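*Asks:* I'd like to ask you about the structure that follows.
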Amino acid sequence: MEYIPAKSIVVKTKAPAKWFGIDYNMNIYKGCCHGCIYCDSRSDCYRIEQFDRVRAKENALEIIRDDLRRKRAKGVVGTGSMSDPYNPFERKLKLTRHALELCDAFDFGVAVATKGTLLERDADILKSIAEHSPVLLKITVTTADDDLAGKIEPGAPRPSERFQMIKELSAEGLYTGILLMPVLPFIEDHQENVGEIIRRAEDAGARFIYPAFGMTLRGNQRDWYYQKLDLLFPGEGLTEAYRKKYGEYYECVSPSAGKLWEYFSKECKKRGIV
C-alpha cells in the first residue's frame, strides 16, 4: 500500500447541494480497483492519476480525529463519493472501520456508499452510531445480472452478494437501500433489469431505491468507456449509438427514462419501498 499526504480528510460539503443530507465528506482512500467501466471519478477534473491503483491517506485516523474534534456542528459524515471505502485493502488496514469508530466517539452520523460487502463487518459500529445519530447505508446496484456485472464492474462483488448483504444489514435494523445508478443506456435501461432489482430489493428488505436512469460522460472518461464498450460488446454498435444520441453531452439520460420512472415509481409504491 502506498500512502499519500493529506492535510484534511473530513471536509464540509458545498452548499446548496446536500447529497442524502450529508454535512461532511470523508475519503480515506484515493483511487479504486473495482474497475467499473462507467465511473465518473475517472474524469480528468478530479486529478486522480492511475485511478485503478488504490492509495491510502497518510496518518488518516489522526487527521480524521482532529478534523472531527474541530467541527463546531455535529452532522452526517458521508464516505464513498470518490473511491469505495470498502476496497480489498480495507480488510487488513481497517481504516474505514476505525474512522467509523471515531465518528461514533464524536457523536457524528454516517452515510456510506459502497459496492463492497465488507461493510457487513462493521455492523456493530454502525448500530452503535445509530443509537445517537443517523446511519444511512447505500449499496450501489446497477444490474441484477451477475454475468453482466462481471463485465462492467469486474473488480466489485457480484450483485447477488450485495443483495445478501442488504438482507443481513436490514435484519440488523440498519437503514439500508440501493443506489440504482448509473443505469447504462442501451445496456441496463430496460424494464426487465429495473424490475428484477426492485423485486430482489424487496426480498432483501431494502428500505429505499434511489435511481438515475442514465449516466454521465466527459473527456477522458468518455474515451475510456467507449474503449471498454468496443472490447466487451463487440459488434453491437454501442459506441456508435452513444455518439449518435449524446454527442459531447455530459448528462446522458436514457431514452427510456420517462417510461422507466413511471414503472419504477409504481412498483416501489406497491412494495412499500421509498
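Going through the C-alpha cells in order, the chains are called A, B, and so on, while each chain numbers its residues from 1 and the ligands are numbered from 1 in the order shown.
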Please identify which residues in stretch 3-63 of chain A DSSP calls strand (DSSP E) from the backbone, and express them as a PyMOL selection string.
*Replies:* chain A and resi 3-4+10-12+24-26+29-30+55-57
*Asks:* With only C-alpha atoms counted and 9 Å as the cut-off, give the residues of stretch 61-126 of chain A in contact with stretch 1-20 of chain A, each with its shortest interatomic distance in Å and the pair that gives it, as a tab-separated table.
*Replies:*
residue	atom	partner	partner_atom	distance
A:Ile63	CA	A:Ser8	CA	6.2
A:Ile64	CA	A:Ile9	CA	6.0
A:Asp66	CA	A:Ser8	CA	8.8
A:Asp67	CA	A:Val10	CA	5.9
A:Leu68	CA	A:Val10	CA	7.1
A:Val77	CA	A:Val10	CA	7.6
A:Gly78	CA	A:Trp19	CA	8.7
A:Phe89	CA	A:Met1	CA	8.0
A:Ala111	CA	A:Phe20	CA	8.0
*Asks:* Rounded to one decimal, what separation in Å do you get between atom CA of A:Ile187 and atom CA of A:Lys30?
*Replies:*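 Atom CA of A:Lys30 lies 28.6 Å from atom CA of A:Ile187.
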*Asks:* What does the structure give for the distance between atom CA of A:Tyr46 and atom CA of A:Arg218, in Å to one decimal?
*Replies:* 11.9 Å
*Asks:* Among the residues of stretch 19-245 of chain A, find those DSSP assigns to helix (DSSP H, G or I) from the backbone and print them as a PyMOL selection string.
*Replies:* chain A and resi 19-21+40-42+44-46+60-70+90-93+95-105+117-130+146-152+159-171+191-204+219-232+238-245
*Asks:* To one decimal place in Å, what is the distance between atom CA of A:Asp23 and atom CA of A:Lys71?
*Replies:*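 About the pair atom CA of A:Asp23 and atom CA of A:Lys71: they are 10.9 Å apart.
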*Asks:* Give me the residues near stretch 261-263 of chain A as an mmCIF file with all heavy atoms, in the first residue's frame, where near means some atom within 9 Å (using only C-alpha atoms) and where sequence neighbours in that chain fewer than 5 positions away do not count.
*Replies:*
data_model
loop_
_atom_site.group_PDB
_atom_site.id
_atom_site.type_symbol
_atom_site.label_atom_id
_atom_site.label_comp_id
_atom_site.auth_asym_id
_atom_site.auth_seq_id
_atom_site.Cartn_x
_atom_site.Cartn_y
_atom_site.Cartn_z
ATOM 1 N N GLN A 191 -37.015 -2.542 -18.666
ATOM 2 C CA GLN A 191 -37.915 -2.861 -17.569
ATOM 3 C C GLN A 191 -37.534 -4.163 -16.866
ATOM 4 O O GLN A 191 -37.699 -4.278 -15.645
ATOM 5 C CB GLN A 191 -39.354 -2.943 -18.096
ATOM 6 C CG GLN A 191 -40.403 -3.128 -17.020
ATOM 7 C CD GLN A 191 -41.807 -2.953 -17.564
ATOM 8 O OE1 GLN A 191 -42.120 -1.934 -18.165
ATOM 9 N NE2 GLN A 191 -42.638 -3.969 -17.379
ATOM 10 N N VAL A 194 -34.645 -3.290 -14.333
ATOM 11 C CA VAL A 194 -35.136 -2.471 -13.224
ATOM 12 C C VAL A 194 -36.105 -3.264 -12.354
ATOM 13 O O VAL A 194 -36.048 -3.216 -11.123
ATOM 14 C CB VAL A 194 -35.794 -1.184 -13.762
ATOM 15 C CG1 VAL A 194 -36.443 -0.395 -12.632
ATOM 16 C CG2 VAL A 194 -34.759 -0.316 -14.481
ATOM 17 N N GLY A 195 -36.992 -4.018 -12.997
ATOM 18 C CA GLY A 195 -37.963 -4.806 -12.249
ATOM 19 C C GLY A 195 -37.323 -5.870 -11.384
ATOM 20 O O GLY A 195 -37.741 -6.096 -10.240
ATOM 21 N N PRO A 211 -32.828 6.085 -7.905
ATOM 22 C CA PRO A 211 -32.410 5.794 -9.276
ATOM 23 C C PRO A 211 -31.886 7.008 -10.035
ATOM 24 O O PRO A 211 -32.210 8.155 -9.718
ATOM 25 C CB PRO A 211 -33.711 5.314 -9.916
ATOM 26 C CG PRO A 211 -34.745 6.206 -9.279
ATOM 27 C CD PRO A 211 -34.254 6.495 -7.864
ATOM 28 N N PHE A 213 -31.719 7.197 -14.188
ATOM 29 C CA PHE A 213 -31.872 6.433 -15.422
ATOM 30 C C PHE A 213 -31.037 7.072 -16.531
ATOM 31 O O PHE A 213 -31.531 7.775 -17.405
ATOM 32 C CB PHE A 213 -33.349 6.344 -15.805
ATOM 33 C CG PHE A 213 -34.170 5.602 -14.795
ATOM 34 C CD1 PHE A 213 -35.238 6.213 -14.154
ATOM 35 C CD2 PHE A 213 -33.862 4.298 -14.458
ATOM 36 C CE1 PHE A 213 -35.996 5.537 -13.212
ATOM 37 C CE2 PHE A 213 -34.609 3.602 -13.515
ATOM 38 C CZ PHE A 213 -35.673 4.223 -12.888
ATOM 39 N N SER A 256 -35.293 5.822 -22.456
ATOM 40 C CA SER A 256 -36.447 5.188 -21.807
ATOM 41 C C SER A 256 -36.715 5.729 -20.412
ATOM 42 O O SER A 256 -37.522 5.151 -19.662
ATOM 43 C CB SER A 256 -36.212 3.667 -21.718
ATOM 44 O OG SER A 256 -35.924 3.108 -22.977
ATOM 45 N N CYS A 268 -42.310 0.429 -6.777
ATOM 46 C CA CYS A 268 -41.802 0.712 -5.428
ATOM 47 C C CYS A 268 -42.946 1.034 -4.455
ATOM 48 O O CYS A 268 -42.951 0.585 -3.306
ATOM 49 C CB CYS A 268 -40.807 1.867 -5.469
ATOM 50 S SG CYS A 268 -39.195 1.403 -6.152
#
*Asks:* Using only C-alpha atoms, can you tell me which of A:Ile125, A:Ala212, A:Ile273, A:Leu217 comes closest to A:Gly258?
*Replies:*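 With only C-alpha atoms as the atom set, the closest residue is A:Ala212.
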